[in-house]
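Reproduced below: work_25.txt, with compact mmCIF, C-alpha atoms and all ligand atoms.
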# COMPACT_ATOMS: atom_id res chain seq x y z
CA MET A 293 -30.03 12.80 -32.45
CA THR A 294 -31.19 12.07 -28.90
CA ARG A 295 -29.66 13.89 -25.98
CA ASP A 296 -27.75 10.76 -25.01
CA ASN A 297 -26.13 10.62 -28.44
CA ALA A 298 -24.71 14.08 -27.83
CA PHE A 299 -22.23 12.55 -25.35
CA ALA A 300 -19.37 10.11 -25.89
CA ARG A 301 -20.27 6.43 -25.98
CA ILE A 302 -18.09 3.31 -25.84
CA SER A 303 -18.89 2.62 -29.51
CA ASP A 304 -17.21 5.94 -30.41
CA PHE A 305 -13.90 4.38 -29.27
CA GLU A 306 -14.26 0.99 -30.91
CA GLN A 307 -12.93 2.16 -34.27
CA ASN A 308 -9.72 3.28 -32.48
CA GLU A 309 -9.48 0.26 -30.19
CA ALA A 310 -6.55 -1.32 -32.06
CA GLU A 311 -4.60 1.90 -31.69
CA LEU A 312 -5.38 2.13 -27.97
CA VAL A 313 -4.21 -1.47 -27.49
CA ALA A 314 -1.03 -0.74 -29.46
CA THR A 315 -0.32 2.33 -27.29
CA ARG A 316 -0.90 0.40 -24.07
CA GLN A 317 1.32 -2.47 -25.15
CA TYR A 318 4.06 -0.07 -26.30
CA LEU A 319 4.04 1.60 -22.86
CA HIS A 320 3.98 -1.82 -21.21
CA ALA A 321 7.09 -2.92 -23.13
CA ASN A 322 8.94 0.30 -22.21
CA PRO A 323 8.42 0.88 -18.47
CA GLU A 324 10.14 3.65 -16.54
CA LEU A 325 10.44 3.82 -12.75
CA SER A 326 9.32 6.72 -10.54
CA PHE A 327 11.35 9.89 -11.24
CA GLU A 328 12.69 8.39 -14.49
CA GLU A 329 9.63 8.82 -16.78
CA VAL A 330 11.52 10.82 -19.45
CA GLU A 331 10.49 8.86 -22.55
CA THR A 332 6.94 8.18 -21.32
CA ALA A 333 6.41 11.88 -20.65
CA ARG A 334 7.83 12.77 -24.07
CA PHE A 335 5.60 10.18 -25.77
CA VAL A 336 2.52 11.56 -24.01
CA ALA A 337 3.37 15.26 -24.51
CA ASP A 338 4.18 14.84 -28.22
CA LYS A 339 0.84 13.14 -28.89
CA LEU A 340 -1.09 15.82 -26.97
CA GLU A 341 0.68 18.61 -28.85
CA GLY A 342 -0.13 16.91 -32.13
CA TRP A 343 -3.83 16.96 -31.20
CA GLY A 344 -3.74 20.70 -30.49
CA TYR A 345 -3.41 20.81 -26.70
CA GLU A 346 -1.47 23.52 -24.91
CA VAL A 347 1.14 21.29 -23.28
CA THR A 348 3.38 22.12 -20.31
CA ARG A 349 6.20 19.66 -19.67
CA ASN A 350 8.29 19.07 -16.54
CA VAL A 351 5.63 20.00 -14.00
CA GLY A 352 6.86 18.59 -10.68
CA GLY A 353 9.55 16.47 -12.35
CA HIS A 354 8.42 14.60 -15.46
CA GLY A 355 4.76 15.61 -15.10
CA VAL A 356 2.84 16.75 -18.18
CA VAL A 357 -0.20 19.04 -18.10
CA ALA A 358 -2.30 19.49 -21.24
CA ARG A 359 -5.14 21.99 -21.59
CA LEU A 360 -7.78 22.52 -24.24
CA LYS A 361 -10.31 25.32 -24.05
CA VAL A 362 -13.50 25.21 -26.11
CA GLY A 363 -16.26 27.82 -25.93
CA THR A 364 -16.51 30.61 -23.39
CA SER A 365 -17.17 28.97 -19.99
CA ASN A 366 -14.59 29.44 -17.23
CA LYS A 367 -15.27 25.97 -15.83
CA SER A 368 -12.45 23.43 -15.86
CA ILE A 369 -12.27 19.73 -15.13
CA GLY A 370 -9.01 18.00 -14.15
CA ILE A 371 -8.36 14.34 -14.95
CA ARG A 372 -5.22 12.57 -13.80
CA ALA A 373 -3.39 9.47 -15.01
CA ASP A 374 -0.19 8.09 -13.49
CA MET A 375 2.74 7.02 -15.70
CA ASP A 376 5.36 5.17 -13.63
CA ALA A 377 6.28 1.49 -13.38
CA LEU A 378 7.75 -0.69 -10.62
CA PRO A 379 11.11 -2.36 -9.91
CA ILE A 380 9.77 -5.87 -10.60
CA LEU A 381 11.12 -8.57 -12.94
CA GLU A 382 8.20 -9.34 -15.28
CA ASP A 383 7.07 -12.96 -15.45
CA THR A 384 4.06 -12.82 -17.79
CA GLY A 385 5.57 -14.35 -20.92
CA LEU A 386 3.59 -11.81 -22.98
CA PRO A 387 4.84 -10.94 -26.49
CA TYR A 388 4.93 -7.28 -25.39
CA ALA A 389 6.47 -7.95 -21.95
CA SER A 390 8.90 -5.40 -20.52
CA LYS A 391 12.06 -4.98 -22.57
CA ILE A 392 13.90 -3.84 -19.46
CA PRO A 393 14.72 -6.56 -16.93
CA GLY A 394 13.71 -5.53 -13.41
CA LYS A 395 11.24 -2.84 -14.51
CA MET A 396 7.57 -3.56 -15.09
CA HIS A 397 4.16 -1.94 -15.41
CA ALA A 398 2.76 -4.15 -12.65
CA CYS A 399 0.19 -1.62 -11.39
CA GLY A 400 -1.52 -0.87 -14.71
CA HIS A 401 -0.35 2.74 -15.04
CA ASP A 402 0.30 1.91 -18.71
CA GLY A 403 -3.46 1.37 -19.04
CA HIS A 404 -4.33 4.50 -17.05
CA THR A 405 -2.11 6.64 -19.30
CA THR A 406 -3.53 5.07 -22.47
CA MET A 407 -7.17 5.62 -21.48
CA LEU A 408 -6.58 9.31 -20.78
CA LEU A 409 -4.74 9.67 -24.10
CA GLY A 410 -7.70 8.00 -25.84
CA ALA A 411 -10.10 10.50 -24.28
CA ALA A 412 -7.73 13.38 -25.13
CA GLU A 413 -7.68 12.50 -28.84
CA TYR A 414 -11.49 12.19 -28.94
CA LEU A 415 -12.13 15.46 -27.06
CA ALA A 416 -9.75 17.42 -29.31
CA ARG A 417 -11.39 15.97 -32.43
CA THR A 418 -15.06 16.37 -31.42
CA ARG A 419 -14.86 19.50 -29.19
CA ARG A 420 -18.38 19.03 -27.79
CA PHE A 421 -17.90 20.87 -24.49
CA ASP A 422 -17.83 24.41 -23.15
CA GLY A 423 -14.88 25.13 -20.85
CA THR A 424 -11.35 23.84 -20.27
CA VAL A 425 -10.27 20.23 -19.96
CA THR A 426 -7.02 19.86 -17.97
CA LEU A 427 -5.23 16.54 -18.36
CA ILE A 428 -2.65 15.72 -15.69
CA PHE A 429 -0.12 13.00 -16.51
CA GLN A 430 1.61 12.38 -13.21
CA PRO A 431 5.00 10.80 -12.54
CA ALA A 432 6.22 8.92 -9.46
CA GLU A 433 2.97 7.63 -7.97
CA GLU A 434 4.80 4.59 -6.59
CA ALA A 435 7.48 6.69 -4.84
CA GLY A 436 5.99 6.35 -1.34
CA VAL A 437 7.44 9.54 0.08
CA GLY A 438 7.97 12.76 -1.93
CA SER A 439 5.69 11.43 -4.66
CA GLY A 440 4.71 12.90 -8.02
CA ALA A 441 1.40 14.31 -6.84
CA GLN A 442 3.14 16.23 -4.04
CA ALA A 443 5.79 17.48 -6.47
CA MET A 444 3.24 18.68 -9.04
CA ILE A 445 1.23 20.50 -6.37
CA ALA A 446 4.42 22.07 -4.99
CA ASP A 447 5.25 23.17 -8.55
CA GLY A 448 2.06 25.24 -8.62
CA LEU A 449 -0.23 22.76 -10.40
CA PHE A 450 -3.49 24.27 -9.16
CA GLU A 451 -2.36 27.92 -9.41
CA ARG A 452 -0.96 27.56 -12.92
CA PHE A 453 -3.77 25.32 -14.20
CA PRO A 454 -6.93 26.15 -12.20
CA ILE A 455 -9.59 23.43 -12.06
CA ASP A 456 -12.95 23.06 -10.30
CA ALA A 457 -12.71 19.34 -9.59
CA ILE A 458 -10.34 16.43 -10.18
CA PHE A 459 -10.95 12.82 -11.16
CA GLY A 460 -8.70 9.79 -11.42
CA LEU A 461 -9.02 6.04 -11.63
CA HIS A 462 -7.24 2.83 -10.78
CA ASN A 463 -7.80 -0.56 -12.29
CA HIS A 464 -9.26 -3.07 -9.84
CA PRO A 465 -8.28 -6.76 -10.03
CA GLY A 466 -11.11 -9.06 -8.97
CA ALA A 467 -13.95 -6.99 -10.45
CA PRO A 468 -15.19 -7.74 -13.98
CA ALA A 469 -13.38 -5.74 -16.68
CA GLY A 470 -15.43 -2.73 -17.73
CA ASN A 471 -17.33 -2.55 -14.41
CA TRP A 472 -17.00 0.48 -12.13
CA LEU A 473 -16.69 0.64 -8.35
CA MET A 474 -17.15 3.95 -6.54
CA ARG A 475 -17.37 5.22 -3.01
CA SER A 476 -18.12 8.59 -1.53
CA GLY A 477 -16.01 9.55 1.51
CA PRO A 478 -12.91 7.58 2.54
CA LEU A 479 -11.87 4.95 -0.04
CA MET A 480 -8.20 4.08 0.47
CA ALA A 481 -6.11 4.02 3.64
CA ALA A 482 -3.43 6.27 4.98
CA ALA A 483 -0.36 4.14 5.63
CA ASP A 484 2.23 5.43 8.08
CA SER A 485 5.33 3.69 9.38
CA VAL A 486 7.02 4.19 12.71
CA LYS A 487 10.43 3.19 13.96
CA ILE A 488 10.92 3.24 17.72
CA THR A 489 14.30 2.87 19.42
CA ILE A 490 14.26 2.24 23.15
CA SER A 491 17.55 3.01 24.87
CA GLY A 492 18.35 1.52 28.27
CA LYS A 493 21.66 0.50 29.81
CA GLY A 494 23.22 -2.82 28.99
CA GLY A 495 25.06 -5.14 31.35
CA HIS A 496 25.48 -8.69 32.64
CA ALA A 497 22.39 -10.90 32.61
CA SER A 498 23.16 -11.94 36.22
CA ARG A 499 23.06 -8.35 37.51
CA PRO A 500 19.83 -6.83 36.08
CA HIS A 501 19.59 -4.33 38.95
CA LEU A 502 22.63 -2.54 37.52
CA THR A 503 21.05 -2.19 34.08
CA ILE A 504 18.02 -0.63 32.38
CA ASP A 505 16.62 -3.50 30.36
CA PRO A 506 15.26 -2.30 26.97
CA VAL A 507 13.89 -5.79 26.18
CA VAL A 508 11.40 -5.70 29.05
CA ALA A 509 10.40 -2.13 28.12
CA ALA A 510 9.97 -3.06 24.45
CA CYS A 511 7.83 -6.10 25.25
CA ASN A 512 5.63 -4.01 27.53
CA LEU A 513 5.30 -1.43 24.78
CA VAL A 514 4.13 -4.06 22.24
CA VAL A 515 1.38 -5.10 24.63
CA SER A 516 0.44 -1.53 25.59
CA LEU A 517 0.16 -0.44 21.95
CA GLN A 518 -2.61 -3.03 21.47
CA SER A 519 -4.87 -0.96 23.70
CA ILE A 520 -4.87 2.05 21.35
CA VAL A 521 -7.15 0.62 18.64
CA SER A 522 -9.31 -1.25 21.14
CA ARG A 523 -9.64 1.56 23.74
CA ASN A 524 -9.08 4.89 21.94
CA ILE A 525 -10.80 4.37 18.56
CA ASP A 526 -14.57 4.44 18.01
CA PRO A 527 -15.59 0.77 17.58
CA THR A 528 -17.63 1.63 14.45
CA GLN A 529 -14.43 2.91 12.80
CA THR A 530 -11.41 0.97 11.70
CA ALA A 531 -7.65 1.22 12.22
CA VAL A 532 -4.62 -1.05 12.41
CA ILE A 533 -1.44 -0.88 14.46
CA THR A 534 0.88 -3.76 13.66
CA VAL A 535 4.28 -4.20 15.30
CA GLY A 536 5.93 -5.94 12.37
CA SER A 537 9.40 -6.26 13.80
CA ILE A 538 11.16 -6.17 17.16
CA HIS A 539 14.89 -6.55 17.49
CA SER A 540 17.19 -6.58 20.49
CA GLY A 541 20.16 -8.41 21.91
CA GLU A 542 22.54 -11.11 20.71
CA ALA A 543 23.18 -13.44 23.63
CA SER A 544 21.31 -14.99 26.54
CA ASN A 545 23.77 -13.72 29.15
CA VAL A 546 23.90 -10.08 28.01
CA ILE A 547 21.33 -7.36 28.63
CA PRO A 548 21.51 -5.15 25.50
CA ASP A 549 21.61 -1.35 25.33
CA THR A 550 18.76 -0.86 22.89
CA ALA A 551 15.66 -2.41 21.34
CA THR A 552 14.01 -1.35 18.09
CA LEU A 553 10.43 -1.81 16.93
CA SER A 554 8.87 -1.14 13.51
CA LEU A 555 5.16 -0.41 13.20
CA SER A 556 2.70 -0.17 10.32
CA VAL A 557 -0.21 2.16 11.10
CA ARG A 558 -3.28 2.32 8.83
CA SER A 559 -6.48 4.32 9.00
CA PHE A 560 -9.31 5.69 6.85
CA ASP A 561 -10.01 8.97 8.60
CA PRO A 562 -7.73 11.99 9.13
CA THR A 563 -8.89 12.47 12.75
CA ILE A 564 -8.28 8.83 13.59
CA ARG A 565 -4.93 9.03 11.88
CA SER A 566 -3.83 11.88 14.14
CA THR A 567 -5.30 10.19 17.24
CA LEU A 568 -3.23 7.09 16.47
CA GLU A 569 -0.06 9.16 16.14
CA LYS A 570 -0.70 11.08 19.36
CA ARG A 571 -1.44 7.92 21.34
CA ILE A 572 1.55 5.98 19.91
CA ARG A 573 3.85 8.87 20.84
CA SER A 574 2.54 9.29 24.37
CA MET A 575 2.29 5.55 25.06
CA THR A 576 5.87 5.04 23.89
CA ALA A 577 7.23 7.88 26.00
CA ALA A 578 5.29 6.74 29.08
CA VAL A 579 6.25 3.07 28.85
CA ALA A 580 9.92 3.92 28.28
CA GLU A 581 9.92 6.35 31.20
CA GLY A 582 8.18 3.83 33.42
CA HIS A 583 11.14 1.51 32.86
CA GLY A 584 13.76 4.24 33.30
CA ALA A 585 14.59 4.07 29.59
CA THR A 586 14.25 6.66 26.80
CA ALA A 587 12.55 6.32 23.43
CA LYS A 588 13.27 7.88 20.04
CA ILE A 589 10.40 7.86 17.53
CA ASP A 590 10.77 8.23 13.74
CA TYR A 591 7.21 8.72 12.49
CA THR A 592 6.98 8.61 8.69
CA HIS A 593 3.75 9.81 7.15
CA GLY A 594 2.87 7.87 4.00
CA TYR A 595 0.10 8.92 1.63
CA PRO A 596 -2.98 10.36 3.34
CA VAL A 597 -6.47 8.86 3.16
CA VAL A 598 -8.15 9.03 -0.26
CA VAL A 599 -11.36 10.91 0.56
CA ASN A 600 -13.83 11.30 -2.32
CA SER A 601 -16.25 14.21 -2.22
CA GLU A 602 -19.92 13.26 -2.34
CA LYS A 603 -21.11 15.53 -5.15
CA GLU A 604 -18.33 14.58 -7.58
CA THR A 605 -18.65 10.87 -6.76
CA GLU A 606 -22.40 10.95 -7.41
CA PHE A 607 -21.75 12.83 -10.63
CA ALA A 608 -19.22 10.21 -11.77
CA ARG A 609 -21.66 7.46 -10.80
CA SER A 610 -24.43 9.00 -12.92
CA VAL A 611 -22.10 9.31 -15.91
CA ALA A 612 -20.87 5.70 -15.53
CA GLU A 613 -24.44 4.43 -15.24
CA GLU A 614 -25.34 6.18 -18.50
CA LEU A 615 -22.25 4.74 -20.15
CA VAL A 616 -22.28 1.08 -19.07
CA GLY A 617 -25.66 0.64 -17.36
CA PRO A 618 -26.38 0.74 -13.61
CA GLU A 619 -25.83 -3.03 -13.23
CA LYS A 620 -22.13 -2.48 -13.98
CA VAL A 621 -21.62 0.29 -11.41
CA GLY A 622 -21.22 -0.83 -7.79
CA LEU A 623 -20.18 0.37 -4.36
CA CYS A 624 -16.47 -0.04 -3.65
CA HIS A 625 -15.39 -1.51 -0.31
CA LEU A 626 -12.67 0.20 1.75
CA ILE A 627 -9.24 -0.55 0.28
CA PRO A 628 -6.33 -0.91 2.75
CA GLY A 629 -3.79 0.09 0.08
CA SER A 630 -2.82 3.74 -0.38
CA GLU A 631 -2.59 6.18 -3.35
CA ASP A 632 -1.04 9.59 -3.76
CA PHE A 633 -4.17 10.87 -5.57
CA SER A 634 -5.15 11.67 -1.96
CA TYR A 635 -2.93 14.79 -2.09
CA PHE A 636 -4.96 16.22 -5.00
CA LEU A 637 -8.17 15.56 -3.05
CA GLU A 638 -6.78 17.57 -0.13
CA HIS A 639 -6.89 20.63 -2.43
CA LYS A 640 -9.83 20.01 -4.77
CA PRO A 641 -13.16 18.20 -4.64
CA GLY A 642 -13.15 15.10 -6.77
CA SER A 643 -13.35 11.35 -6.94
CA PHE A 644 -11.02 8.42 -7.40
CA LEU A 645 -12.79 5.63 -9.30
CA ARG A 646 -12.02 1.95 -9.65
CA LEU A 647 -12.38 0.15 -12.98
CA GLY A 648 -12.58 -3.66 -13.00
CA ASN A 649 -9.53 -5.47 -14.36
CA GLY A 650 -11.16 -8.92 -14.61
CA GLU A 651 -12.20 -11.47 -12.01
CA SER A 652 -9.19 -13.68 -12.74
CA SER A 653 -6.71 -10.78 -12.88
CA GLN A 654 -3.47 -11.22 -10.98
CA ILE A 655 -3.09 -8.85 -8.05
CA LEU A 656 -1.42 -5.44 -8.39
CA HIS A 657 2.39 -5.45 -8.04
CA SER A 658 2.56 -9.14 -9.00
CA SER A 659 5.21 -10.15 -11.56
CA LYS A 660 2.38 -11.90 -13.47
CA TYR A 661 -0.04 -8.94 -13.44
CA ASN A 662 -1.31 -7.42 -16.69
CA PHE A 663 -3.71 -4.58 -17.45
CA ALA A 664 -6.94 -5.74 -19.15
CA ASP A 665 -6.97 -4.21 -22.64
CA GLU A 666 -10.75 -4.77 -22.92
CA SER A 667 -11.15 -1.92 -20.39
CA LEU A 668 -9.42 0.64 -22.60
CA THR A 669 -12.48 1.77 -24.59
CA VAL A 670 -14.60 1.90 -21.42
CA GLY A 671 -12.08 4.04 -19.54
CA ALA A 672 -11.47 6.39 -22.48
CA ALA A 673 -15.21 6.79 -23.08
CA MET A 674 -15.76 7.48 -19.38
CA TRP A 675 -13.20 10.32 -19.29
CA ALA A 676 -14.59 11.78 -22.51
CA ARG A 677 -18.21 11.64 -21.38
CA LEU A 678 -17.36 12.87 -17.87
CA THR A 679 -15.68 15.91 -19.45
CA GLU A 680 -18.58 16.56 -21.83
CA ARG A 681 -21.13 16.29 -19.03
CA PHE A 682 -19.04 18.38 -16.57
CA LEU A 683 -18.54 21.07 -19.20
CA ALA A 684 -21.97 20.72 -20.86
ZN ZN B 701 1.00 0.45 -7.44
ZN ZN B 702 -1.13 2.06 -9.08
Mind converting the file's structure to structure tokens?
Ligand SMILES: [Zn+2]
Ligand SMILES: [Zn+2]
Amino acid sequence: MTRDNAFARISDFEQNEAELVATRQYLHANPELSFEEVETARFVADKLEGWGYEVTRNVGGHGVVARLKVGTSNKSIGIRADMDALPILEDTGLPYASKIPGKMHACGHDGHTTMLLGAAEYLARTRRFDGTVTLIFQPAEEAGVGSGAQAMIADGLFERFPIDAIFGLHNHPGAPAGNWLMRSGPLMAAADSVKITISGKGGHASRPHLTIDPVVAACNLVVSLQSIVSRNIDPTQTAVITVGSIHSGEASNVIPDTATLSLSVRSFDPTIRSTLEKRIRSMTAAVAEGHGATAKIDYTHGYPVVVNSEKETEFARSVAEELVGPEKVGLCHLIPGSEDFSYFLEHKPGSFLRLGNGESSQILHSSKYNFADESLTVGAAMWARLTERFLA
């Protein structure tokens, strides 16, 4: 036996491929929304218990944590899969399409869950590692605010189940199935939203001097906000401030009392993220004051930036290159979408990986999207080998 044969290979999963596909398609047919993953969590936890894992249910809501210790090492690796579906009416026409109208696995979390289950079964059967593998099945990734990752961390995830590093993956439409994309440092954006209400003093359109016109203040603010990215952010970095809506007034002969603006703010760096917030707040206050108006700001922080640590990303890259060959492991571009895996990475070093879902795959969150079953053995083998190499 060569050294390479001592670690999991894709061929080790081919004999169980039909079962992996059946599991994925079962989950696909039975989607549950964020905060409602009761049956999915039960399905996952029962299987893990059957394979001999020490299973803890209801961690941060419907989260499931499964641990298996082999040997004497105190090292532990954490691997996370998300379990929730989306409020979308499926339009794939698949024989195993969602049985529940208006709920759909349109982000591939059915595939993510299945791949981690596949690795779990293999690791429990072969036990070729020294240390503890900690499998984290997370609910409510799609929640936006108050998500499953936050809830699991608040429920003591890392104190109750200590780990040295954490890994996760998302399928990636547009890249060939079975190919990996990785990136050290920032990978996915922080996405914040801001609602601004400018209050002036309404009145007759013919007597503007007796009013404080919120429309003029709001329009000035839209223009002034454009200077933040262009004048306050390092030109080698990237950020977006979009004013997506502006509403005020009803009639041409009435000056309204208020104007409201909604902004989408995206960035790939925590420092830039806080600079954007500071500048938006001060610019808004100053422009409103300059017009004699007042401004109220509701600043909603979405998921933070997904920042992969260098050592763990390079480790994952080396494992993926052994598994599928270096020609199938590439550099991932920055992704403007966001992911709550970022909260785990605020506490632990780790890496969020992207696994190709096919060049002709529909986009994520589309009613025609489907997870590529041909990736299942690759993803399961990756988690198994990553564990064996991390806990070698
Ligand atoms: Zn999603
Ligand atoms: Zn997703």
Report as a VMD selection string all protein, DNA and RNA residues lying within 9 Å of stretch 531-548 of chain A, evaluated on all atoms listed in the file, omitting residues in the same chain fewer than 4 positions from it. chain A and resid 492 to 498 500 503 to 507 510 to 511 514 517 to 518 520 to 521 525 552 to 561 564 to 565 568
How would the residues just chosen look if you wrote them out with C-alpha atoms as a short mmCIF file (atom, residue, chain, number, x, y, z; two decimals), keeping the file's coordinate frame?
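This is the output file selection-v4.cif:
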data_model
loop_
_atom_site.label_atom_id
_atom_site.label_comp_id
_atom_site.auth_asym_id
_atom_site.auth_seq_id
_atom_site.Cartn_x
_atom_site.Cartn_y
_atom_site.Cartn_z
CA GLY A 492 18.35 1.52 28.27
CA LYS A 493 21.66 0.50 29.81
CA GLY A 494 23.22 -2.82 28.99
CA GLY A 495 25.06 -5.14 31.35
CA HIS A 496 25.48 -8.69 32.64
CA ALA A 497 22.39 -10.90 32.61
CA SER A 498 23.16 -11.94 36.22
CA PRO A 500 19.83 -6.83 36.08
CA THR A 503 21.05 -2.19 34.08
CA ILE A 504 18.02 -0.63 32.38
CA ASP A 505 16.62 -3.50 30.36
CA PRO A 506 15.26 -2.30 26.97
CA VAL A 507 13.89 -5.79 26.18
CA ALA A 510 9.97 -3.06 24.45
CA CYS A 511 7.83 -6.10 25.25
CA VAL A 514 4.13 -4.06 22.24
CA LEU A 517 0.16 -0.44 21.95
CA GLN A 518 -2.61 -3.03 21.47
CA ILE A 520 -4.87 2.05 21.35
CA VAL A 521 -7.15 0.62 18.64
CA ILE A 525 -10.80 4.37 18.56
CA THR A 552 14.01 -1.35 18.09
CA LEU A 553 10.43 -1.81 16.93
CA SER A 554 8.87 -1.14 13.51
CA LEU A 555 5.16 -0.41 13.20
CA SER A 556 2.70 -0.17 10.32
CA VAL A 557 -0.21 2.16 11.10
CA ARG A 558 -3.28 2.32 8.83
CA SER A 559 -6.48 4.32 9.00
CA PHE A 560 -9.31 5.69 6.85
CA ASP A 561 -10.01 8.97 8.60
CA ILE A 564 -8.28 8.83 13.59
CA ARG A 565 -4.93 9.03 11.88
CA LEU A 568 -3.23 7.09 16.47
#
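Closest approach to A:Val486 among A:Thr592, A:Ser439, A:Ser574, A:Ser390: A:Thr592, based on all atoms listed in the file.
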For stretch 662-669 of chain A, find every residue with an atom within 6 Å (counting all atoms listed in the file), except residues of its own chain fewer than 3 positions away, and show them as a short mmCIF file (atom, residue, chain, number, x, y, z; two decimals) with C-alpha atoms, in the frame of the given file.
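The result, stored in selection_7.cif:
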data_model
loop_
_atom_site.label_atom_id
_atom_site.label_comp_id
_atom_site.auth_asym_id
_atom_site.auth_seq_id
_atom_site.Cartn_x
_atom_site.Cartn_y
_atom_site.Cartn_z
CA ILE A 302 -18.09 3.31 -25.84
CA PHE A 305 -13.90 4.38 -29.27
CA GLY A 400 -1.52 -0.87 -14.71
CA MET A 407 -7.17 5.62 -21.48
CA ALA A 469 -13.38 -5.74 -16.68
CA GLY A 470 -15.43 -2.73 -17.73
CA ASN A 649 -9.53 -5.47 -14.36
CA ALA A 672 -11.47 6.39 -22.48
CA ALA A 673 -15.21 6.79 -23.08
#
Ligand ZN 702 (chain B): which residues are within 8 Å, counting all atoms listed in the file? Reply as a PyMOL selection string. chain A and resi 374+399-401+433-434+462-463+631+656
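Near A:Val425, within 7 Å and counting only C-alpha atoms, sit Arg359, Leu360, Lys361, Ser368, Ile369, Gly370 and Thr679 of chain A, not including residues fewer than 5 positions from it in the same chain.
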How would you write, as a PyMOL selection string, the set of residues no farther than 12 Å from ligand ZN 701 (chain B) when counting all atoms listed in the file? chain A and resi 325-326+374-380+396-402+404+432-436+462-464+629-633+655-658+661
Can you write just those residues out, C-alpha atoms, as a short mmCIF file (atom, residue, chain, number, x, y, z; two decimals), in the frame of the given file?
data_model
loop_
_atom_site.label_atom_id
_atom_site.label_comp_id
_atom_site.auth_asym_id
_atom_site.auth_seq_id
_atom_site.Cartn_x
_atom_site.Cartn_y
_atom_site.Cartn_z
CA LEU A 325 10.44 3.82 -12.75
CA SER A 326 9.32 6.72 -10.54
CA ASP A 374 -0.19 8.09 -13.49
CA MET A 375 2.74 7.02 -15.70
CA ASP A 376 5.36 5.17 -13.63
CA ALA A 377 6.28 1.49 -13.38
CA LEU A 378 7.75 -0.69 -10.62
CA PRO A 379 11.11 -2.36 -9.91
CA ILE A 380 9.77 -5.87 -10.60
CA MET A 396 7.57 -3.56 -15.09
CA HIS A 397 4.16 -1.94 -15.41
CA ALA A 398 2.76 -4.15 -12.65
CA CYS A 399 0.19 -1.62 -11.39
CA GLY A 400 -1.52 -0.87 -14.71
CA HIS A 401 -0.35 2.74 -15.04
CA ASP A 402 0.30 1.91 -18.71
CA HIS A 404 -4.33 4.50 -17.05
CA ALA A 432 6.22 8.92 -9.46
CA GLU A 433 2.97 7.63 -7.97
CA GLU A 434 4.80 4.59 -6.59
CA ALA A 435 7.48 6.69 -4.84
CA GLY A 436 5.99 6.35 -1.34
CA HIS A 462 -7.24 2.83 -10.78
CA ASN A 463 -7.80 -0.56 -12.29
CA HIS A 464 -9.26 -3.07 -9.84
CA GLY A 629 -3.79 0.09 0.08
CA SER A 630 -2.82 3.74 -0.38
CA GLU A 631 -2.59 6.18 -3.35
CA ASP A 632 -1.04 9.59 -3.76
CA PHE A 633 -4.17 10.87 -5.57
CA ILE A 655 -3.09 -8.85 -8.05
CA LEU A 656 -1.42 -5.44 -8.39
CA HIS A 657 2.39 -5.45 -8.04
CA SER A 658 2.56 -9.14 -9.00
CA TYR A 661 -0.04 -8.94 -13.44
#
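For the set A:Glu382, A:Glu619, A:Glu341, A:Glu324, the residue with the smallest atom-to-atom gap to A:Trp472 is A:Glu619, counting only C-alpha atoms.
In this comparison, which uses only C-alpha atoms, the residue of A:Ala577, A:Met674, A:Gly460, A:Thr332 approaching A:Ser610 most closely is A:Met674.
Shortest atom-to-atom contact with A:Ala482 among A:Thr424, A:Thr406, A:Ser566, A:Ser643: A:Ser566, counting all atoms listed in the file.
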For A:Thr315, find every residue with an atom within 12 Å (counting only C-alpha atoms), except residues of its own chain fewer than 2 positions away, and show them as a list in words. Asn308, Glu309, Ala310, Glu311, Leu312, Val313, Gln317, Tyr318, Leu319, His320, Ala321, Asn322, Thr332, Phe335, Val336, Lys339, Tyr388, Asp402, Gly403, His404, Thr405, Thr406, Met407, Leu408, Leu409, Gly410, Asp665 and Leu668 of chain A
In terms of all atoms listed in the file, the residue from A:Glu638, A:Asp456, A:Asp549, A:Asp526 at minimal distance from A:Glu604 is A:Asp456
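Using all atoms listed in the file, the nearest neighbour of A:Gly622 within the list A:Ser476, A:Thr586, A:Ser653, A:Thr550 is A:Ser476.
Between atom CA of A:Ser519 and atom CA of A:Thr489 the interatomic distance comes to 20.0 Å.
The spacing separating atom CA of A:Trp343 from atom CA of A:Leu415 amounts to 9.4 Å.
Pairwise distance (atom CA of A:Ser601, atom CA of A:Gly477) equals 6.0 Å.
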Please return as a VMD selection string every residue within 9 Å of (-18.4, 1.2, -13.1), taking into account only C-alpha atoms and the file's own coordinates. chain A and resid 470 to 474 609 612 to 613 615 to 623 645 to 648
Can those selected residues be exported to a file as a CSV table (one decimal), in the frame of the given file so that it contains C-alpha atoms?
chain,number,residue,atom,x,y,z
A,470,GLY,CA,-15.4,-2.7,-17.7
A,471,ASN,CA,-17.3,-2.6,-14.4
A,472,TRP,CA,-17.0,0.5,-12.1
A,473,LEU,CA,-16.7,0.6,-8.4
A,474,MET,CA,-17.2,4.0,-6.5
A,609,ARG,CA,-21.7,7.5,-10.8
A,612,ALA,CA,-20.9,5.7,-15.5
A,613,GLU,CA,-24.4,4.4,-15.2
A,615,LEU,CA,-22.2,4.7,-20.2
A,616,VAL,CA,-22.3,1.1,-19.1
A,617,GLY,CA,-25.7,0.6,-17.4
A,618,PRO,CA,-26.4,0.7,-13.6
A,619,GLU,CA,-25.8,-3.0,-13.2
A,620,LYS,CA,-22.1,-2.5,-14.0
A,621,VAL,CA,-21.6,0.3,-11.4
A,622,GLY,CA,-21.2,-0.8,-7.8
A,623,LEU,CA,-20.2,0.4,-4.4
A,645,LEU,CA,-12.8,5.6,-9.3
A,646,ARG,CA,-12.0,2.0,-9.6
A,647,LEU,CA,-12.4,0.2,-13.0
A,648,GLY,CA,-12.6,-3.7,-13.0
